[in-house]
$ cat final-v7.tsv   # TSV, C-alpha atoms (C1' of nucleotides)
chain	number	residue	atom	x	y	z
A	567	MET	CA	-24.05	2.55	3.64
A	568	SER	CA	-21.50	4.16	5.87
A	569	ASN	CA	-19.49	2.82	8.74
A	570	ARG	CA	-16.68	4.32	10.71
A	571	LEU	CA	-14.05	2.00	9.34
A	572	SER	CA	-14.18	3.79	6.04
A	573	GLU	CA	-13.46	7.05	7.82
A	574	CYS	CA	-10.24	5.73	9.31
A	575	TYR	CA	-8.28	4.25	6.45
A	576	ASP	CA	-8.57	4.72	2.74
A	577	VAL	CA	-8.60	1.35	1.08
A	578	SER	CA	-9.96	2.47	-2.23
A	579	GLY	CA	-7.90	1.03	-5.01
A	580	TRP	CA	-7.43	-2.24	-3.19
A	581	TRP	CA	-6.66	-5.09	-5.49
A	582	PRO	CA	-6.43	-2.98	-8.62
A	583	ALA	CA	-6.85	-5.19	-11.65
A	584	GLY	CA	-7.69	-4.63	-15.25
A	585	SER	CA	-9.50	-7.91	-15.73
A	586	GLU	CA	-10.89	-11.04	-14.11
A	587	TRP	CA	-7.85	-12.95	-15.34
A	588	GLU	CA	-5.51	-10.45	-13.71
A	589	VAL	CA	-7.28	-11.01	-10.39
A	590	MET	CA	-6.86	-14.77	-10.75
A	591	VAL	CA	-3.14	-14.46	-11.53
A	592	GLY	CA	-2.68	-11.97	-8.70
A	593	ALA	CA	-4.55	-14.21	-6.26
A	594	ILE	CA	-2.12	-17.06	-6.84
A	595	LEU	CA	0.92	-14.79	-6.90
A	596	VAL	CA	0.10	-13.05	-3.63
A	597	GLN	CA	0.05	-16.27	-1.62
A	598	GLN	CA	2.48	-15.93	1.27
A	599	THR	CA	4.10	-12.79	-0.09
A	600	THR	CA	3.56	-9.05	-0.37
A	601	TRP	CA	1.48	-7.17	-2.91
A	602	GLU	CA	4.56	-5.12	-3.79
A	603	SER	CA	6.25	-8.26	-5.12
A	604	VAL	CA	3.12	-9.20	-7.02
A	605	GLU	CA	2.99	-5.82	-8.71
A	606	LYS	CA	6.46	-6.35	-10.14
A	607	VAL	CA	5.40	-9.66	-11.64
A	608	LEU	CA	2.13	-8.32	-13.01
A	609	GLY	CA	4.06	-5.44	-14.54
A	610	SER	CA	6.51	-7.69	-16.36
A	611	LEU	CA	3.69	-9.94	-17.54
A	612	LYS	CA	1.97	-6.93	-19.08
A	613	GLU	CA	5.19	-5.82	-20.74
A	614	ARG	CA	5.43	-9.21	-22.38
A	615	GLY	CA	1.79	-9.05	-23.44
A	616	ALA	CA	1.19	-12.15	-21.37
A	617	MET	CA	-1.60	-10.76	-19.23
A	618	GLU	CA	-4.13	-12.64	-21.29
A	619	VAL	CA	-5.29	-16.23	-20.92
A	620	GLY	CA	-4.30	-17.51	-24.35
A	621	ALA	CA	-0.87	-15.90	-24.22
A	622	MET	CA	-0.27	-17.28	-20.75
A	623	ALA	CA	-1.29	-20.77	-21.79
A	624	SER	CA	1.36	-20.82	-24.50
A	625	LEU	CA	4.11	-18.99	-22.61
A	626	PRO	CA	7.08	-21.32	-22.07
A	627	LEU	CA	7.19	-22.47	-18.45
A	628	GLU	CA	10.85	-21.51	-18.02
A	629	GLU	CA	10.08	-18.00	-19.16
A	630	LEU	CA	7.11	-17.72	-16.83
A	631	GLN	CA	9.21	-18.98	-13.93
A	632	GLU	CA	11.74	-16.21	-14.42
A	633	VAL	CA	9.00	-13.59	-14.44
A	634	VAL	CA	7.33	-15.04	-11.33
A	635	ARG	CA	10.58	-15.40	-9.38
A	636	PRO	CA	10.30	-12.15	-7.33
A	637	ALA	CA	7.01	-13.36	-5.82
A	638	GLY	CA	8.61	-16.48	-4.34
A	639	PHE	CA	7.56	-20.14	-4.71
A	640	TYR	CA	8.13	-19.39	-8.35
A	641	ARG	CA	8.21	-22.94	-9.69
A	642	GLN	CA	4.89	-23.83	-8.06
A	643	LYS	CA	3.23	-20.56	-8.89
A	644	ALA	CA	4.36	-20.56	-12.51
A	645	SER	CA	3.04	-24.08	-13.07
A	646	ARG	CA	-0.23	-23.33	-11.34
A	647	ILE	CA	-0.86	-20.11	-13.22
A	648	LYS	CA	-0.05	-21.73	-16.52
A	649	GLY	CA	-2.18	-24.75	-15.60
A	650	LEU	CA	-5.12	-22.52	-14.80
A	651	ALA	CA	-4.70	-20.68	-18.10
A	652	ILE	CA	-4.69	-23.96	-20.02
A	653	TYR	CA	-7.76	-25.12	-18.12
A	654	ILE	CA	-9.66	-21.94	-18.97
A	655	VAL	CA	-8.65	-22.16	-22.62
A	656	GLN	CA	-9.81	-25.77	-22.85
A	657	ALA	CA	-12.83	-25.84	-20.53
A	658	HIS	CA	-14.13	-22.29	-20.87
A	659	ALA	CA	-13.34	-21.13	-24.39
A	660	SER	CA	-10.51	-18.93	-23.06
A	661	ASP	CA	-13.02	-16.82	-21.12
A	662	PRO	CA	-12.15	-16.45	-17.41
A	663	ARG	CA	-15.57	-14.98	-16.73
A	664	GLN	CA	-17.16	-18.37	-17.25
A	665	LEU	CA	-15.46	-19.41	-14.03
A	666	LEU	CA	-17.39	-16.72	-12.19
A	667	GLU	CA	-20.84	-17.03	-13.68
A	668	GLY	CA	-23.78	-19.13	-12.57
A	669	ASP	CA	-24.12	-21.06	-9.33
A	670	GLU	CA	-21.72	-19.68	-6.77
A	671	ASP	CA	-21.11	-22.93	-4.90
A	672	ASP	CA	-20.44	-24.79	-8.13
A	673	ARG	CA	-17.96	-22.16	-9.27
A	674	ARG	CA	-16.21	-22.30	-5.90
A	675	LYS	CA	-15.89	-26.08	-6.14
A	676	GLU	CA	-14.55	-25.75	-9.66
A	677	LEU	CA	-11.96	-23.23	-8.50
A	678	LEU	CA	-10.98	-25.42	-5.54
A	679	ALA	CA	-10.37	-28.29	-7.95
A	680	GLN	CA	-7.58	-26.32	-9.63
A	681	PRO	CA	-4.06	-26.90	-8.31
A	682	GLY	CA	-2.89	-23.87	-6.37
A	683	ILE	CA	-6.35	-22.62	-5.54
A	684	GLY	CA	-7.36	-23.25	-1.94
A	685	GLU	CA	-10.25	-21.77	0.02
A	686	GLU	CA	-8.78	-18.33	0.50
A	687	THR	CA	-7.63	-17.95	-3.09
A	688	ALA	CA	-10.97	-19.22	-4.40
A	689	ASP	CA	-12.83	-16.69	-2.27
A	690	ALA	CA	-10.48	-13.88	-3.28
A	691	ILE	CA	-11.24	-14.66	-6.92
A	692	LEU	CA	-14.99	-14.91	-6.30
A	693	LEU	CA	-15.04	-11.67	-4.30
A	694	PHE	CA	-12.61	-9.46	-6.19
A	695	ALA	CA	-13.11	-10.74	-9.72
A	696	GLY	CA	-16.71	-11.90	-9.52
A	697	ARG	CA	-18.01	-9.54	-6.83
A	698	ARG	CA	-19.62	-12.52	-5.16
A	699	PRO	CA	-20.30	-12.04	-1.41
A	700	ARG	CA	-17.71	-14.45	0.02
A	701	PHE	CA	-15.93	-13.16	3.08
A	702	ILE	CA	-12.24	-14.03	2.97
A	703	ALA	CA	-11.26	-15.60	6.28
A	704	ALA	CA	-7.55	-14.93	5.82
A	705	ALA	CA	-4.96	-15.51	8.52
A	706	TYR	CA	-4.95	-11.80	9.33
A	707	VAL	CA	-8.73	-11.84	9.72
A	708	ARG	CA	-8.64	-14.88	12.02
A	709	ARG	CA	-5.84	-13.37	14.11
A	710	LEU	CA	-7.61	-10.06	14.42
A	711	LEU	CA	-10.92	-11.62	15.46
A	712	ASP	CA	-9.05	-13.71	18.00
A	713	ARG	CA	-7.18	-10.75	19.47
A	714	LEU	CA	-10.33	-8.68	19.60
A	715	GLY	CA	-12.00	-11.44	21.58
A	716	ILE	CA	-14.70	-11.77	18.94
A	717	LEU	CA	-14.03	-15.29	17.69
A	718	SER	CA	-11.15	-17.64	18.31
A	719	SER	CA	-10.91	-20.22	15.55
A	720	GLU	CA	-8.33	-21.42	13.08
A	721	ASP	CA	-11.02	-23.08	11.02
A	722	TYR	CA	-11.38	-21.19	7.75
A	723	GLY	CA	-14.97	-22.23	7.12
A	724	GLU	CA	-16.08	-21.48	10.65
A	725	VAL	CA	-14.62	-17.97	10.58
A	726	GLN	CA	-16.13	-17.33	7.18
A	727	ARG	CA	-19.58	-18.51	8.26
A	728	PHE	CA	-19.35	-16.34	11.36
A	729	MET	CA	-18.50	-13.21	9.39
A	730	GLU	CA	-21.17	-13.84	6.79
A	731	ALA	CA	-23.72	-14.40	9.54
A	732	GLU	CA	-22.69	-11.19	11.29
A	733	LEU	CA	-22.69	-9.00	8.21
A	734	PRO	CA	-25.18	-8.26	5.46
A	735	ARG	CA	-24.51	-10.37	2.38
A	736	ASP	CA	-22.90	-7.52	0.47
A	737	ALA	CA	-19.81	-8.00	-1.69
A	738	GLU	CA	-18.76	-4.36	-1.57
A	739	LEU	CA	-18.92	-4.38	2.22
A	740	TYR	CA	-16.84	-7.57	2.32
A	741	VAL	CA	-14.25	-6.02	0.01
A	742	GLN	CA	-13.99	-2.96	2.18
A	743	LEU	CA	-13.92	-4.71	5.53
A	744	TYR	CA	-11.43	-7.34	4.41
A	745	ALA	CA	-9.16	-4.67	2.95
A	746	LEU	CA	-9.39	-2.64	6.14
A	747	MET	CA	-8.60	-5.59	8.37
A	748	VAL	CA	-5.58	-6.67	6.35
A	749	HIS	CA	-4.40	-3.12	5.86
A	750	HIS	CA	-4.66	-2.55	9.58
A	751	ALA	CA	-2.79	-5.70	10.49
A	752	ARG	CA	-0.09	-5.07	7.91
A	753	THR	CA	0.45	-1.36	8.12
A	754	VAL	CA	-1.06	0.24	11.17
A	755	CYS	CA	-0.25	-2.47	13.68
A	756	ARG	CA	3.28	-2.72	12.39
A	757	SER	CA	3.86	0.88	13.30
A	758	ARG	CA	2.31	0.38	16.73
A	759	PRO	CA	4.34	-2.22	18.60
A	760	ARG	CA	1.69	-2.54	21.25
A	761	CYS	CA	-1.36	-2.61	19.11
A	762	GLN	CA	-3.81	-5.18	20.42
A	763	ALA	CA	-4.17	-6.93	17.11
A	764	CYS	CA	-0.49	-7.76	17.06
A	765	SER	CA	0.81	-7.96	20.57
A	766	LEU	CA	-2.20	-8.45	22.80
A	767	ARG	CA	-1.36	-5.27	24.65
A	768	ASP	CA	-2.78	-1.81	24.76
A	769	ARG	CA	-5.59	-0.71	22.53
A	770	CYS	CA	-5.73	0.86	19.13
A	771	ARG	CA	-8.61	2.65	17.49
A	772	PHE	CA	-9.43	-0.31	15.33
A	773	THR	CA	-10.50	-2.31	18.36
A	774	GLU	CA	-13.22	0.11	19.32
A	775	ILE	CA	-14.27	0.77	15.78
A	776	VAL	CA	-14.77	-2.84	14.80
A	777	GLY	CA	-16.39	-3.74	18.07
A	778	ARG	CA	-18.91	-0.97	17.94
A	779	THR	CA	-19.94	-0.40	14.40
A	780	ASP	CA	-19.23	-3.36	12.18
A	781	PHE	CA	-20.39	-6.26	14.29
A	782	ARG	CA	-23.70	-6.77	15.93
B	859	DA	C1'	21.08	-13.66	11.38
B	860	DC	C1'	16.88	-13.94	12.08
B	861	DC	C1'	11.59	-13.23	11.13
B	862	DC	C1'	7.74	-12.49	8.36
B	863	DA	C1'	4.79	-12.25	4.12
B	864	DG	C1'	-2.94	-10.97	1.64
B	865	DG	C1'	-1.40	-20.07	1.31
B	866	DT	C1'	-1.43	-24.66	-0.76
B	867	DG	C1'	-0.70	-29.46	-0.99
B	868	DG	C1'	1.38	-33.70	0.36
B	869	DC	C1'	2.21	-36.97	3.84
B	870	DC	C1'	1.41	-39.01	8.33
B	871	DC	C1'	-1.31	-40.44	12.23
C	908	DG	C1'	-9.87	-34.04	11.31
C	909	DG	C1'	-5.24	-32.19	12.99
C	910	DG	C1'	0.14	-31.57	12.92
C	911	DC	C1'	4.21	-30.99	10.30
C	912	DC	C1'	6.67	-29.87	6.32
C	913	DA	C1'	8.37	-28.00	1.63
C	914	DC	C1'	7.79	-24.44	-1.34
C	915	DA	C1'	11.43	-19.36	-2.29
C	916	DT	C1'	12.20	-14.56	-2.87
C	917	DG	C1'	12.57	-10.02	-0.71
C	918	DG	C1'	12.27	-6.55	2.95
C	919	DG	C1'	12.69	-5.10	7.80
$ encode --input "final-v7.tsv" --output "structure tokens"
Amino acid sequence: MSNRLSECYDVSGWWPAGSEWEVMVGAILVQQTTWESVEKVLGSLKERGAMEVGAMASLPLEELQEVVRPAGFYRQKASRIKGLAIYIVQAHASDPRQLLEGDEDDRRKELLAQPGIGEETADAILLFAGRRPRFIAAAYVRRLLDRLGILSSEDYGEVQRFMEAELPRDAELYVQLYALMVHHARTVCRSRPRCQACSLRDRCRFTEIVGRTDFR
DNA sequence: ACCCAGGTGGCCC
DNA sequence: GGGCCACATGGG
């Protein structure tokens, strides 16, 4: 399948991760911060050989906090990551993939029951680690849809249902479109002070592209 | 010195 | 269900 979005920005290599567990850790780390900060933390975790569920579950909290610090909210994030590791060790035989297999709605509820995993983080894990077709209705996505005059809603579930109703239920398409929307909002709009997605003025190419080819 | 960043959870009404 | 707030570091 081809659409014109893919011809505008290259988002291949989005959310690079060596494992399901790395996606889960990254999904918690990236909350309210930049991917650049997350990369630092993931890098130090790998250096310490802690990028594995069992190792993470037994890593002293104080040590984990120091590693997580650059990503902000480090006390919360460290506890939540360690808590998730312990949960997977105890409830899923140390296999993160068990959290992604089987009934999708059940797995989502299970993820949502974990401290630190809200709707967006749960969907990021399901989509990027499990390749389940859950569209991530992130703040950037909601803002962009609003500014484009496509849908104005702050309700996560409503925006998600809208996107999933508009698009084929295809995980790879969701990955690409989500990455493009966030990339656009973060990078392209930032370099265009009057881009519609950011300032409600002027037009940028993204407006026409999304309106014409990726929505019915 | 601000403002923002790929949210979540707790508390209040 | 909404509105407000703490959580925290790092870069523009």
$ residues_around --input "final-v7.tsv" --residues "A:Leu693" --least-positions-apart "3" --cutoff "10 Å" --atoms "all atoms listed in the file" --output "list in words"
Val589, Leu666, Thr687, Ala688, Asp689, Ala690, Gly696, Arg697, Arg698, Pro699, Arg700, Phe701, Ile702, Ala737, Glu738, Tyr740 and Val741 of chain A
$ write_last_selection --input "final-v7.tsv" --atoms "C-alpha atoms" --output "compact mmCIF listing (two decimals), in the frame of the given file"
# COMPACT_ATOMS: atom_id res chain seq x y z
CA VAL A 589 -7.28 -11.01 -10.39
CA LEU A 666 -17.39 -16.72 -12.19
CA THR A 687 -7.63 -17.95 -3.09
CA ALA A 688 -10.97 -19.22 -4.40
CA ASP A 689 -12.83 -16.69 -2.27
CA ALA A 690 -10.48 -13.88 -3.28
CA GLY A 696 -16.71 -11.90 -9.52
CA ARG A 697 -18.01 -9.54 -6.83
CA ARG A 698 -19.62 -12.52 -5.16
CA PRO A 699 -20.30 -12.04 -1.41
CA ARG A 700 -17.71 -14.45 0.02
CA PHE A 701 -15.93 -13.16 3.08
CA ILE A 702 -12.24 -14.03 2.97
CA ALA A 737 -19.81 -8.00 -1.69
CA GLU A 738 -18.76 -4.36 -1.57
CA TYR A 740 -16.84 -7.57 2.32
CA VAL A 741 -14.25 -6.02 0.01
$ interface_residues --input "final-v7.tsv" --of "chain A" --to "chain B" --cutoff "10 Å" --atoms "only C-alpha atoms (C1' of nucleotides)" --output "count of residues only"
28
$ interface_residues --input "final-v7.tsv" --of "chain C" --to "chain A" --cutoff "6 Å" --atoms "all atoms listed in the file" --output "JSON list (two decimals) with C-alpha atoms (C1' of nucleotides), keeping the file's coordinate frame"
[["chain", "number", "residue", "atom", "x", "y", "z"],
["C", 914, "DC", "C1'", 7.79, -24.44, -1.34],
["C", 915, "DA", "C1'", 11.43, -19.36, -2.29],
["C", 916, "DT", "C1'", 12.20, -14.56, -2.87]]
$ atom_distance --input "final-v7.tsv" --atom1 "atom CA of A:Ile652" --atom2 "atom CA of A:Ser610"
20.1 Å
$ atom_distance --input "final-v7.tsv" --atom1 "atom CA of A:Ala695" --atom2 "atom CA of A:Glu586"
4.9 Å
$ residues_around --input "final-v7.tsv" --residues "A:Ser578" --least-positions-apart "2" --cutoff "10 Å" --atoms "all atoms listed in the file" --output "VMD selection string"
chain A and resid 572 575 to 576 580 to 582 741 to 742 745 to 746
$ closest_residue --input "final-v7.tsv" --among "A:Ile647, A:Ala751, A:Val607, A:Leu717" --to "A:Leu625" --atoms "only C-alpha atoms"
A:Ile647
$ atom_distance --input "final-v7.tsv" --atom1 "atom CA of A:Met617" --atom2 "atom CA of A:Glu588"
6.8 Å
$ build_atoms --input "final-v7.tsv" --residues "stretch 727-749 of chain A" --atoms "N, CA and C atoms" --output "PDB file, in the frame of the given file"
ATOM      1  N   ARG A 727     -18.147 -18.433   7.950  1.00  0.00           N
ATOM      2  CA  ARG A 727     -19.580 -18.510   8.260  1.00  0.00           C
ATOM      3  C   ARG A 727     -19.967 -17.484   9.322  1.00  0.00           C
ATOM      4  N   PHE A 728     -19.085 -17.319  10.304  1.00  0.00           N
ATOM      5  CA  PHE A 728     -19.350 -16.340  11.360  1.00  0.00           C
ATOM      6  C   PHE A 728     -19.464 -14.937  10.768  1.00  0.00           C
ATOM      7  N   MET A 729     -18.494 -14.561   9.961  1.00  0.00           N
ATOM      8  CA  MET A 729     -18.500 -13.210   9.390  1.00  0.00           C
ATOM      9  C   MET A 729     -19.708 -12.984   8.492  1.00  0.00           C
ATOM     10  N   GLU A 730     -20.040 -13.997   7.713  1.00  0.00           N
ATOM     11  CA  GLU A 730     -21.170 -13.840   6.790  1.00  0.00           C
ATOM     12  C   GLU A 730     -22.492 -13.813   7.543  1.00  0.00           C
ATOM     13  N   ALA A 731     -22.512 -14.440   8.721  1.00  0.00           N
ATOM     14  CA  ALA A 731     -23.720 -14.400   9.540  1.00  0.00           C
ATOM     15  C   ALA A 731     -23.848 -13.066  10.253  1.00  0.00           C
ATOM     16  N   GLU A 732     -22.694 -12.460  10.568  1.00  0.00           N
ATOM     17  CA  GLU A 732     -22.690 -11.190  11.290  1.00  0.00           C
ATOM     18  C   GLU A 732     -22.975 -10.001  10.383  1.00  0.00           C
ATOM     19  N   LEU A 733     -22.620 -10.138   9.128  1.00  0.00           N
ATOM     20  CA  LEU A 733     -22.690  -9.000   8.210  1.00  0.00           C
ATOM     21  C   LEU A 733     -23.744  -9.213   7.136  1.00  0.00           C
ATOM     22  N   PRO A 734     -24.276  -8.137   6.596  1.00  0.00           N
ATOM     23  CA  PRO A 734     -25.180  -8.260   5.460  1.00  0.00           C
ATOM     24  C   PRO A 734     -24.443  -8.925   4.299  1.00  0.00           C
ATOM     25  N   ARG A 735     -25.164  -9.677   3.501  1.00  0.00           N
ATOM     26  CA  ARG A 735     -24.510 -10.370   2.380  1.00  0.00           C
ATOM     27  C   ARG A 735     -24.278  -9.379   1.248  1.00  0.00           C
ATOM     28  N   ASP A 736     -23.166  -8.637   1.365  1.00  0.00           N
ATOM     29  CA  ASP A 736     -22.900  -7.520   0.470  1.00  0.00           C
ATOM     30  C   ASP A 736     -21.434  -7.543   0.059  1.00  0.00           C
ATOM     31  N   ALA A 737     -21.181  -7.841  -1.208  1.00  0.00           N
ATOM     32  CA  ALA A 737     -19.810  -8.000  -1.690  1.00  0.00           C
ATOM     33  C   ALA A 737     -18.973  -6.748  -1.473  1.00  0.00           C
ATOM     34  N   GLU A 738     -19.552  -5.588  -1.715  1.00  0.00           N
ATOM     35  CA  GLU A 738     -18.760  -4.360  -1.570  1.00  0.00           C
ATOM     36  C   GLU A 738     -18.361  -4.138  -0.114  1.00  0.00           C
ATOM     37  N   LEU A 739     -19.259  -4.481   0.800  1.00  0.00           N
ATOM     38  CA  LEU A 739     -18.920  -4.380   2.220  1.00  0.00           C
ATOM     39  C   LEU A 739     -17.803  -5.354   2.575  1.00  0.00           C
ATOM     40  N   TYR A 740     -17.870  -6.565   2.041  1.00  0.00           N
ATOM     41  CA  TYR A 740     -16.840  -7.570   2.320  1.00  0.00           C
ATOM     42  C   TYR A 740     -15.481  -7.106   1.789  1.00  0.00           C
ATOM     43  N   VAL A 741     -15.492  -6.532   0.599  1.00  0.00           N
ATOM     44  CA  VAL A 741     -14.250  -6.020   0.010  1.00  0.00           C
ATOM     45  C   VAL A 741     -13.648  -4.976   0.940  1.00  0.00           C
ATOM     46  N   GLN A 742     -14.501  -4.059   1.360  1.00  0.00           N
ATOM     47  CA  GLN A 742     -13.990  -2.960   2.180  1.00  0.00           C
ATOM     48  C   GLN A 742     -13.492  -3.445   3.542  1.00  0.00           C
ATOM     49  N   LEU A 743     -14.297  -4.267   4.195  1.00  0.00           N
ATOM     50  CA  LEU A 743     -13.920  -4.710   5.530  1.00  0.00           C
ATOM     51  C   LEU A 743     -12.673  -5.600   5.500  1.00  0.00           C
ATOM     52  N   TYR A 744     -12.611  -6.480   4.540  1.00  0.00           N
ATOM     53  CA  TYR A 744     -11.430  -7.340   4.410  1.00  0.00           C
ATOM     54  C   TYR A 744     -10.177  -6.480   4.174  1.00  0.00           C
ATOM     55  N   ALA A 745     -10.297  -5.547   3.253  1.00  0.00           N
ATOM     56  CA  ALA A 745      -9.160  -4.670   2.950  1.00  0.00           C
ATOM     57  C   ALA A 745      -8.739  -3.892   4.191  1.00  0.00           C
ATOM     58  N   LEU A 746      -9.703  -3.406   4.936  1.00  0.00           N
ATOM     59  CA  LEU A 746      -9.390  -2.640   6.140  1.00  0.00           C
ATOM     60  C   LEU A 746      -8.708  -3.502   7.184  1.00  0.00           C
ATOM     61  N   MET A 747      -9.183  -4.720   7.352  1.00  0.00           N
ATOM     62  CA  MET A 747      -8.600  -5.590   8.370  1.00  0.00           C
ATOM     63  C   MET A 747      -7.165  -5.956   8.009  1.00  0.00           C
ATOM     64  N   VAL A 748      -6.926  -6.298   6.761  1.00  0.00           N
ATOM     65  CA  VAL A 748      -5.580  -6.670   6.350  1.00  0.00           C
ATOM     66  C   VAL A 748      -4.667  -5.450   6.353  1.00  0.00           C
ATOM     67  N   HIS A 749      -5.191  -4.350   5.866  1.00  0.00           N
ATOM     68  CA  HIS A 749      -4.400  -3.120   5.860  1.00  0.00           C
ATOM     69  C   HIS A 749      -3.997  -2.749   7.288  1.00  0.00           C
TER      70      HIS A 749
END
